[in-house]
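J.: Sharing protein36.txt, compact mmCIF, C-alpha atoms:
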```txt
# COMPACT_ATOMS: atom_id res chain seq x y z
CA MET K 1 22.56 13.77 -17.31
CA ARG K 2 23.09 10.63 -15.21
CA TRP K 3 20.40 11.80 -12.81
CA LEU K 4 17.95 12.04 -15.73
CA ALA K 5 18.72 8.46 -16.78
CA GLY K 6 18.26 7.34 -13.17
CA LEU K 7 14.97 9.21 -12.96
CA LEU K 8 13.71 7.60 -16.17
CA LEU K 9 14.71 4.14 -14.95
CA GLY K 10 12.86 4.82 -11.70
CA VAL K 11 9.72 5.88 -13.57
CA ILE K 12 9.89 2.78 -15.79
CA PHE K 13 10.32 0.59 -12.71
CA ILE K 14 7.32 2.17 -11.00
CA LEU K 15 5.18 1.89 -14.13
CA SER K 16 6.13 -1.74 -14.68
CA GLY K 17 5.25 -2.45 -11.06
CA CYS K 18 1.85 -0.89 -11.54
CA SER K 19 1.18 -2.91 -14.65
CA ASN K 20 1.90 -6.15 -12.78
CA GLU K 21 -0.75 -5.24 -10.22
CA ASP K 22 -3.17 -4.42 -13.02
CA GLU K 23 -2.66 -7.91 -14.43
CA SER K 24 -3.76 -9.59 -11.21
CA ILE K 25 -7.33 -9.94 -10.01
CA HIS K 26 -7.81 -7.66 -7.02
CA VAL K 27 -9.92 -9.15 -4.24
CA MET K 28 -10.95 -6.68 -1.53
CA ALA K 29 -12.42 -7.96 1.73
CA PHE K 30 -14.30 -5.90 4.31
CA SER K 31 -14.68 -8.06 7.40
CA ASP K 32 -13.35 -8.02 10.95
CA GLU K 33 -13.19 -11.82 10.88
CA LEU K 34 -11.22 -11.95 7.63
CA TYR K 35 -9.04 -9.06 8.79
CA ALA K 36 -8.08 -11.05 11.89
CA GLN K 37 -7.36 -14.15 9.78
CA GLN K 38 -5.87 -12.56 6.68
CA GLU K 39 -2.85 -14.85 6.82
CA GLY K 40 -5.18 -17.78 6.05
CA LEU K 41 -6.41 -16.07 2.88
CA SER K 42 -3.03 -16.74 1.30
CA ASP K 43 -4.34 -20.25 0.49
CA LEU K 44 -6.75 -18.63 -1.95
CA THR K 45 -4.12 -16.61 -3.74
CA ASP K 46 -1.46 -17.11 -6.33
CA GLU K 47 0.57 -14.76 -8.50
CA ASP K 48 -2.58 -13.78 -10.42
CA ILE K 49 -4.56 -12.72 -7.33
CA ARG K 50 -3.95 -9.75 -5.04
CA VAL K 51 -5.89 -9.59 -1.76
CA THR K 52 -6.49 -6.49 0.37
CA VAL K 53 -8.35 -6.89 3.67
CA PHE K 54 -10.00 -4.15 5.71
CA PRO K 55 -12.03 -4.25 8.93
CA THR K 56 -15.83 -4.01 8.71
CA ILE K 57 -16.02 -0.26 8.17
CA VAL K 58 -18.89 1.15 6.12
CA GLU K 59 -16.95 4.25 5.09
CA ARG K 60 -14.04 2.21 3.73
CA LEU K 61 -16.40 0.10 1.61
CA LEU K 62 -18.03 3.28 0.30
CA VAL K 63 -14.60 4.60 -0.67
CA GLU K 64 -13.95 1.38 -2.62
CA LEU K 65 -17.32 1.49 -4.35
CA ALA K 66 -16.54 5.05 -5.46
CA GLY K 67 -12.88 4.30 -6.29
CA HIS K 68 -13.49 1.24 -8.50
CA GLU K 69 -10.34 -0.69 -7.55
CA ALA K 70 -11.61 -4.22 -6.79
CA ASP K 71 -12.50 -7.03 -9.17
CA ILE K 72 -14.10 -9.12 -6.41
CA LEU K 73 -15.61 -7.87 -3.15
CA LEU K 74 -15.92 -10.03 -0.01
CA ILE K 75 -17.98 -8.37 2.69
CA ASP K 76 -19.39 -9.09 6.10
CA GLU K 77 -23.12 -9.57 5.57
CA SER K 78 -23.85 -6.61 7.86
CA LEU K 79 -22.52 -4.31 5.11
CA LYS K 80 -24.94 -5.53 2.44
CA VAL K 81 -27.39 -2.71 3.21
CA ILE K 82 -25.17 -0.20 1.41
CA VAL K 83 -24.60 -2.31 -1.71
CA ASP K 84 -26.70 -1.52 -4.78
CA PRO K 85 -27.54 -4.69 -6.75
CA ASP K 86 -27.61 -2.66 -9.97
CA GLY K 87 -23.85 -2.11 -9.61
CA LEU K 88 -23.10 -5.84 -9.44
CA VAL K 89 -22.57 -8.52 -12.08
CA SER K 90 -25.30 -11.15 -12.37
CA LEU K 91 -24.08 -14.59 -11.34
CA ALA K 92 -27.21 -16.43 -12.46
CA ASN K 93 -26.89 -19.76 -14.27
CA ARG K 94 -23.42 -20.40 -12.82
CA ASN K 95 -24.34 -23.14 -10.30
CA LEU K 96 -23.10 -20.97 -7.43
CA PRO K 97 -24.58 -20.71 -3.90
CA LEU K 98 -26.47 -17.46 -4.50
CA VAL K 99 -28.22 -15.41 -1.83
CA SER K 100 -30.56 -12.46 -2.20
CA ILE K 101 -29.77 -8.99 -0.97
CA HIS K 102 -32.31 -6.26 -0.19
CA ASP K 103 -35.06 -8.91 -0.48
CA GLU K 104 -34.61 -8.95 -4.23
CA THR K 105 -34.50 -11.96 -6.47
CA THR K 106 -31.40 -10.75 -8.31
CA SER K 107 -28.53 -13.19 -8.51
CA VAL K 108 -25.59 -10.98 -7.66
CA ALA K 109 -24.36 -12.29 -4.30
CA VAL K 110 -22.66 -15.55 -3.39
CA SER K 111 -22.59 -16.98 0.11
CA LEU K 112 -18.89 -17.17 0.96
CA PRO K 113 -19.27 -19.86 3.67
CA GLU K 114 -21.15 -22.09 1.21
CA LEU K 115 -18.68 -21.36 -1.59
CA LEU K 116 -15.62 -22.15 0.52
CA THR K 117 -16.99 -24.97 2.66
CA PRO K 118 -13.57 -26.12 3.88
CA LEU K 119 -13.14 -22.76 5.62
CA ALA K 120 -15.14 -22.04 8.77
CA PHE K 121 -16.70 -18.62 9.24
CA GLU K 122 -18.29 -17.32 12.44
CA LYS K 123 -20.37 -14.76 10.54
CA ASP K 124 -22.06 -14.79 7.17
CA HIS K 125 -20.08 -13.22 4.35
CA LEU K 126 -21.03 -12.34 0.81
CA LEU K 127 -19.08 -12.20 -2.41
CA PHE K 128 -19.85 -9.76 -5.25
CA ILE K 129 -18.35 -8.79 -8.57
CA PRO K 130 -18.77 -5.08 -9.25
CA VAL K 131 -19.83 -4.08 -12.77
CA TYR K 132 -17.04 -1.50 -12.99
CA SER K 133 -14.38 -4.24 -13.07
CA SER K 134 -12.85 -4.89 -16.47
CA ARG K 135 -12.08 -8.47 -15.39
CA ASN K 136 -15.60 -9.77 -14.80
CA GLU K 137 -15.26 -13.03 -16.72
CA GLU K 138 -11.91 -13.83 -15.09
CA ALA K 139 -13.40 -13.08 -11.66
CA ILE K 140 -16.39 -15.34 -12.36
CA GLN K 141 -14.08 -18.13 -13.47
CA LEU K 142 -12.02 -17.72 -10.31
CA ILE K 143 -15.16 -18.04 -8.18
CA VAL K 144 -16.21 -21.17 -10.09
CA ASN K 145 -12.72 -22.61 -9.53
CA TRP K 146 -12.97 -21.86 -5.79
CA GLN K 147 -16.31 -23.67 -5.66
CA GLU K 148 -14.72 -26.70 -7.32
CA GLY K 149 -11.99 -26.67 -4.66
CA GLU K 150 -9.27 -25.29 -6.93
CA PHE K 151 -7.36 -22.79 -4.83
```
Could you write out this file's structure as structure tokens?
T.:
Amino acid sequence: MRWLAGLLLGVIFILSGCSNEDESIHVMAFSDELYAQQEGLSDLTDEDIRVTVFPTIVERLLVELAGHEADILLIDESLKVIVDPDGLVSLANRNLPLVSIHDETTSVAVSLPELLTPLAFEKDHLLFIPVYSSRNEEAIQLIVNWQEGEF
């Protein structure tokens, strides 16, 4: 009977751990440059933000787009060819440094170097908010705060 109580406590601990992650905004980055400097990304995080960084691998980004885990995506600009603008939240009328993708006039991508001017990037990077995220408004507010220098 003690083993059953221990098992239940373990399950509760695991579930409570999962719920804490669900309460944080999950930022996923796909960039060799950011992967090499992921320690520096800790300046952009607090207890409400969880950051996962991967190298610039098309297949890994495709897995994320199918898996729907991220609230904010940061990608090396070379990966933009696989991103469908219809699957991204519009960031129009937000006074953000928007860039077009796929030669479209949609306002779904933010230039990361222009957004975070204090940080230097060797390559262009883009920031998106996928429509599948349930935390779109919080993610948009976080991006606005980053633009205003609030890290």
J.: Using only C-alpha atoms, which of the listed residues (K:Glu138, K:Glu150, K:Asp48, K:Glu77) sits closest to K:Glu122?
T.: K:Glu77
J.: Report, in Å to a single decimal, how far apart atom CA of K:Glu64 and atom CA of K:Gly149 are.
T.: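 Computing the Euclidean distance for atom CA of K:Gly149 and atom CA of K:Glu64 yields 28.2 Å.
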J.: What does the structure give for the distance between atom CA of K:Lys80 and atom CA of K:Glu23, in Å to one decimal?
T.: 28.0 Å
J.: To one decimal place in Å, what is the distance between atom CA of K:Glu47 and atom CA of K:Leu96?
T.: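 Atom CA of K:Leu96 lies 24.5 Å from atom CA of K:Glu47.
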J.: Pick from K:Ile101, K:Arg94, K:Gly87, K:Ser134: nearest to K:Leu65, with all atoms listed in the file counted?
T.: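 That would be K:Gly87, the residue with the smallest distance to K:Leu65.
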J.: Residues near K:Leu98, anyone? I mean within 12 Å using all atoms listed in the file, not counting same-chain ones fewer than 6 positions away, as a PyMOL selection string.
T.: chain K and resi 90-92+104-115+125-128+143+147
J.: Restricting the output to C-alpha atoms, write the selected residues as an mmCIF file, in the coordinates of the input.
T.:
```cif
data_model
loop_
_atom_site.group_PDB
_atom_site.id
_atom_site.type_symbol
_atom_site.label_atom_id
_atom_site.label_comp_id
_atom_site.auth_asym_id
_atom_site.auth_seq_id
_atom_site.Cartn_x
_atom_site.Cartn_y
_atom_site.Cartn_z
ATOM 1 C CA SER K 90 -25.300 -11.150 -12.370
ATOM 2 C CA LEU K 91 -24.080 -14.590 -11.340
ATOM 3 C CA ALA K 92 -27.210 -16.430 -12.460
ATOM 4 C CA GLU K 104 -34.610 -8.950 -4.230
ATOM 5 C CA THR K 105 -34.500 -11.960 -6.470
ATOM 6 C CA THR K 106 -31.400 -10.750 -8.310
ATOM 7 C CA SER K 107 -28.530 -13.190 -8.510
ATOM 8 C CA VAL K 108 -25.590 -10.980 -7.660
ATOM 9 C CA ALA K 109 -24.360 -12.290 -4.300
ATOM 10 C CA VAL K 110 -22.660 -15.550 -3.390
ATOM 11 C CA SER K 111 -22.590 -16.980 0.110
ATOM 12 C CA LEU K 112 -18.890 -17.170 0.960
ATOM 13 C CA PRO K 113 -19.270 -19.860 3.670
ATOM 14 C CA GLU K 114 -21.150 -22.090 1.210
ATOM 15 C CA LEU K 115 -18.680 -21.360 -1.590
ATOM 16 C CA HIS K 125 -20.080 -13.220 4.350
ATOM 17 C CA LEU K 126 -21.030 -12.340 0.810
ATOM 18 C CA LEU K 127 -19.080 -12.200 -2.410
ATOM 19 C CA PHE K 128 -19.850 -9.760 -5.250
ATOM 20 C CA ILE K 143 -15.160 -18.040 -8.180
ATOM 21 C CA GLN K 147 -16.310 -23.670 -5.660
#
```
J.: Give me the residues within 6 Å of stretch 52-63 of chain K as a PyMOL selection string, counting only C-alpha atoms and dropping any in the same chain fewer than 2 places off.
T.: chain K and resi 28-32+35+65-67
J.: Let me see the file: selected residues, C-alpha atoms, as an mmCIF file, in the frame of the given file.
T.:
```
data_model
loop_
_atom_site.group_PDB
_atom_site.id
_atom_site.type_symbol
_atom_site.label_atom_id
_atom_site.label_comp_id
_atom_site.auth_asym_id
_atom_site.auth_seq_id
_atom_site.Cartn_x
_atom_site.Cartn_y
_atom_site.Cartn_z
ATOM 1 C CA MET K 28 -10.950 -6.680 -1.530
ATOM 2 C CA ALA K 29 -12.420 -7.960 1.730
ATOM 3 C CA PHE K 30 -14.300 -5.900 4.310
ATOM 4 C CA SER K 31 -14.680 -8.060 7.400
ATOM 5 C CA ASP K 32 -13.350 -8.020 10.950
ATOM 6 C CA TYR K 35 -9.040 -9.060 8.790
ATOM 7 C CA LEU K 65 -17.320 1.490 -4.350
ATOM 8 C CA ALA K 66 -16.540 5.050 -5.460
ATOM 9 C CA GLY K 67 -12.880 4.300 -6.290
#
```
J.: Which residue, K:His102, K:Asp124, K:Gln141, K:Ser133, has the smallest gap to K:Leu74 when you use all atoms listed in the file?
T.: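 Using all atoms listed in the file, K:Leu74 sits closest to K:Asp124.
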